[in-house]
Amino acid sequence: MNKLAPKNGKYTSYQDVIATDKIAPPEDMHMHSSAQYDFHSISKARYTEVEYHDLEMKKVWSRVWQMACRVEDIPEEGDTYVYEIGHLSLIVVRVSDDEPQSLSETKVIKAYYNSCRHRGRKLVEHNTSVQCIRCPYHGFTWSLEGELTEIPYEWDFSKIEKKSMPLLEVRVDVWDGFVFINMDPDAESLKSYLEILPEQLANNFYGEQVVVKHSQQVLPANWKTVMESFMEGLHAQETHGHTWAHLSDILQYDTFPGVRHISRSFHAVGLQVSEGREKLTEQEIMDHFHYNVHLGNPDTPPPQLGQGVTARQYMADIMRAQHTLKTGKDHMHLSDAEALDVLQYTLFPNIILFRGITLPIILRFRPNKNDHSQCIFDIFFLEDKPKSEVESPAVETVHMAAGDTYEEAGVLEDWLGHVYDQDMVNIENMHGGLLSGPDQEVYLSDYHESRIKHFHHALNLYMNKELGGE
Ligand code: FES
Ligand SMILES: [Fe+2]
């Protein structure tokens, strides 16, 4: 066990917590691993310099698998989704109504550079549904499969053969309803890229879910700054102090040697923070939780715990029962950890996913156009839903302006939105702060910030790899 894991009363680690739970989690959650890295600080230039961003575009974004959209965003033949990453724009097109297979490169969905092969105009400006892809400038037209089918005033293009000018394709694969693209023809398969993720998140059943809510906001900081604010619990006491009585300081961070793209952390819920805080009774923990979830204004009194029942146990039981009722599926045997804790995974470079039922959301971070000092932050909220019942699969995006709050945006529950709003105050002050200080490095802690080290280690792997032909 890692000696640096926080201690909390009788618990010395997250493993101690799950060892006493009523329903134990799956075997893989009993593993703990800390890969070792030989750096404790990273250059600020990673966040602040346009040159670094330019290299990221060439060496990272052009070579990684990245989640462009969900299958339900393009349910029918001809449905087209525009995915933008930095200065690059791609069109993702449903070529047939057949279901794409998971983790097997698909021809049911194709993706192309969103650039006309005549003189370069963007071919598609917004998500839409089309029978062919026709450039709005002069009318060059391609089939959904990418073959050039029409050249207006063809006699005037004597040097162009239609066959030699298909749309330029990028690779597409699907994992459990997530559509991934990769611009590198030589990249490893998505299956290999995702490493341990599909197995560990198998019980999330993403393939049986649809996105029911989506928010998008442009934030004034580098995309890595925003993502890293979700990858450690070190800031919880300072930034989210009101949660101390039920969101513990017991976290396990896992980085596995040889696993390049995935890290995870487990954060125990239903226990108090011990460091610097008085000891609470189980009922007091329950009371704090109740008031915080209702943002200080509950319309019912807190539940009263029976003799010998802990707050953690009560909360796990309630979560299981509520989720069973809500989904109509039996979740009564789900482990306490998967019912209650914050079980978070990072998929390099820019996705955060949550295992279990507590937070059915996916977070995505990317540079806003070609601006390294701005991030597009997406939150996708998923729910179990048979696809046949989805009347309007293209969910409305809540476009949040600067200053809009997550508490009011309606995508997250209010109490969680309140927590995210506290994070956003840090974000607003990070980029300017990085630019202001004379230090050239930012420092990372040994344990709490080990997932951020893992992330930068992966970033280094791509940034240090030579480009083809160089
Ligand atoms: S730029 Fe597209 S048809 Fe001319
Ligand atoms: Fe936070």
# chains A, B, ... in the order shown; residues from 1 in each chain; ligands from 1

$ closest_atom_pairs --of "chain A" --to "ligand 1" --cutoff "9 Å" --atoms "only C-alpha atoms and all ligand atoms" --output "Markdown table"
| residue | atom | partner | partner_atom_place_in_ligand_line | distance |
| --- | --- | --- | --- | --- |
| A:Ser115 | CA | ligand 1 | 2 (Fe) | 7.8 |
| A:Cys116 | CA | ligand 1 | 2 (Fe) | 4.6 |
| A:Arg117 | CA | ligand 1 | 2 (Fe) | 6.5 |
| A:His118 | CA | ligand 1 | 4 (Fe) | 4.8 |
| A:Arg119 | CA | ligand 1 | 1 (S) | 4.0 |
| A:Gly120 | CA | ligand 1 | 1 (S) | 5.0 |
| A:Arg121 | CA | ligand 1 | 1 (S) | 4.6 |
| A:Lys122 | CA | ligand 1 | 2 (Fe) | 7.6 |
| A:Leu123 | CA | ligand 1 | 2 (Fe) | 7.0 |
| A:Arg134 | CA | ligand 1 | 3 (S) | 7.7 |
| A:Cys135 | CA | ligand 1 | 2 (Fe) | 4.6 |
| A:Pro136 | CA | ligand 1 | 2 (Fe) | 6.6 |
| A:Tyr137 | CA | ligand 1 | 3 (S) | 4.9 |
| A:His138 | CA | ligand 1 | 3 (S) | 3.7 |
| A:Gly139 | CA | ligand 1 | 3 (S) | 4.6 |
| A:Phe140 | CA | ligand 1 | 3 (S) | 4.3 |
| A:Thr141 | CA | ligand 1 | 3 (S) | 7.7 |
| A:Ile151 | CA | ligand 1 | 3 (S) | 8.0 |
| A:Pro152 | CA | ligand 1 | 3 (S) | 8.2 |

$ write_last_selection --atoms "C-alpha atoms" --output "PDB file, in the first residue's frame"
ATOM      1  CA  SER A 115     -11.932  21.073 -46.401  1.00  0.00           C
ATOM      2  CA  CYS A 116     -13.001  21.230 -50.020  1.00  0.00           C
ATOM      3  CA  ARG A 117     -10.474  19.687 -52.382  1.00  0.00           C
ATOM      4  CA  HIS A 118     -11.129  22.443 -54.909  1.00  0.00           C
ATOM      5  CA  ARG A 119     -10.007  25.576 -53.077  1.00  0.00           C
ATOM      6  CA  GLY A 120     -10.385  24.591 -49.462  1.00  0.00           C
ATOM      7  CA  ARG A 121     -13.693  25.984 -48.206  1.00  0.00           C
ATOM      8  CA  LYS A 122     -15.213  24.251 -45.186  1.00  0.00           C
ATOM      9  CA  LEU A 123     -17.654  21.765 -46.630  1.00  0.00           C
ATOM     10  CA  ARG A 134     -21.693  19.531 -51.625  1.00  0.00           C
ATOM     11  CA  CYS A 135     -19.363  22.480 -51.256  1.00  0.00           C
ATOM     12  CA  PRO A 136     -21.405  25.678 -50.923  1.00  0.00           C
ATOM     13  CA  TYR A 137     -18.765  27.723 -52.834  1.00  0.00           C
ATOM     14  CA  HIS A 138     -18.649  26.288 -56.387  1.00  0.00           C
ATOM     15  CA  GLY A 139     -20.601  23.079 -55.926  1.00  0.00           C
ATOM     16  CA  PHE A 140     -18.018  20.284 -56.067  1.00  0.00           C
ATOM     17  CA  THR A 141     -19.951  17.310 -54.715  1.00  0.00           C
ATOM     18  CA  ILE A 151     -17.620  18.978 -60.818  1.00  0.00           C
ATOM     19  CA  PRO A 152     -19.523  22.014 -62.032  1.00  0.00           C
TER      20      PRO A 152
END

$ residues_around --residues "Tyr83 in chain A" --least-positions-apart "2" --cutoff "6 Å" --atoms "only C-alpha atoms" --output "ChimeraX atom specification"
/A:68,89-90

$ write_last_selection --atoms "C-alpha atoms" --output "compact mmCIF listing (two decimals), in the first residue's frame"
# COMPACT_ATOMS: atom_id res chain seq x y z
CA ALA A 68 -15.67 13.22 -31.69
CA SER A 89 -12.29 20.69 -38.56
CA LEU A 90 -13.57 17.21 -39.39

$ residues_around --residues "Trp175 in chain A" --least-positions-apart "3" --cutoff "8 Å" --atoms "only C-alpha atoms" --output "ChimeraX atom specification"
/A:102-103,178-180,207

$ write_last_selection --atoms "N, CA and C atoms" --output "PDB file, in the first residue's frame"
ATOM      1  N   SER A 102     -18.588  -2.380 -31.996  1.00  0.00           N
ATOM      2  CA  SER A 102     -17.698  -1.743 -31.029  1.00  0.00           C
ATOM      3  C   SER A 102     -16.275  -2.252 -31.216  1.00  0.00           C
ATOM      4  N   LEU A 103     -15.321  -1.345 -31.202  1.00  0.00           N
ATOM      5  CA  LEU A 103     -13.891  -1.647 -31.264  1.00  0.00           C
ATOM      6  C   LEU A 103     -13.487  -2.495 -32.466  1.00  0.00           C
ATOM      7  N   PHE A 178     -19.382   5.628 -28.321  1.00  0.00           N
ATOM      8  CA  PHE A 178     -18.524   6.801 -28.520  1.00  0.00           C
ATOM      9  C   PHE A 178     -17.834   6.677 -29.883  1.00  0.00           C
ATOM     10  N   VAL A 179     -17.938   7.718 -30.693  1.00  0.00           N
ATOM     11  CA  VAL A 179     -17.287   7.705 -32.007  1.00  0.00           C
ATOM     12  C   VAL A 179     -15.929   8.399 -31.866  1.00  0.00           C
ATOM     13  N   PHE A 180     -14.894   7.656 -32.150  1.00  0.00           N
ATOM     14  CA  PHE A 180     -13.525   8.184 -32.062  1.00  0.00           C
ATOM     15  C   PHE A 180     -12.962   8.382 -33.463  1.00  0.00           C
ATOM     16  N   GLY A 207     -22.791   1.620 -24.052  1.00  0.00           N
ATOM     17  CA  GLY A 207     -23.442   1.307 -25.328  1.00  0.00           C
ATOM     18  C   GLY A 207     -24.959   1.281 -25.226  1.00  0.00           C
TER      19      GLY A 207
END

$ closest_residue --among "A:Phe354, A:Trp415, A:Tyr37, A:Trp65" --to "His290 in chain A" --atoms "only C-alpha atoms"
A:Trp415

$ residues_near_ligand --ligand "ligand 2" --cutoff "6 Å" --atoms "only C-alpha atoms and all ligand atoms" --output "number ranges by chain"
A: 230, 236, 423

$ write_last_selection --atoms "N, CA and C atoms" --output "PDB file, in the first residue's frame"
ATOM      1  N   PHE A 230      -9.607  18.672 -12.471  1.00  0.00           N
ATOM      2  CA  PHE A 230     -10.505  17.558 -12.104  1.00  0.00           C
ATOM      3  C   PHE A 230      -9.731  16.298 -11.740  1.00  0.00           C
ATOM      4  N   ALA A 236      -9.618  19.947  -2.759  1.00  0.00           N
ATOM      5  CA  ALA A 236     -10.999  19.877  -2.254  1.00  0.00           C
ATOM      6  C   ALA A 236     -11.182  20.693  -0.975  1.00  0.00           C
ATOM      7  N   ASP A 423     -14.868  25.419  -8.867  1.00  0.00           N
ATOM      8  CA  ASP A 423     -13.690  25.099  -9.698  1.00  0.00           C
ATOM      9  C   ASP A 423     -13.453  26.179 -10.749  1.00  0.00           C
TER      10      ASP A 423
END

$ closest_atom_pairs --of "range 5-65 of chain A" --to "range 425-431 of chain A" --cutoff "12 Å" --atoms "only C-alpha atoms" --output "tab-separated table"
residue	atom	partner	partner_atom	distance
A:Lys44	CA	A:His431	CA	10.0
A:Ala45	CA	A:His431	CA	11.3
A:Arg46	CA	A:His431	CA	11.4
A:Tyr47	CA	A:His431	CA	7.8
A:Thr48	CA	A:His431	CA	7.4
A:Glu49	CA	A:His431	CA	11.1

$ closest_residue --among "A:Cys375, A:Val218, A:Ile85, A:Leu55" --to "Leu459 in chain A" --atoms "only C-alpha atoms"
A:Leu55
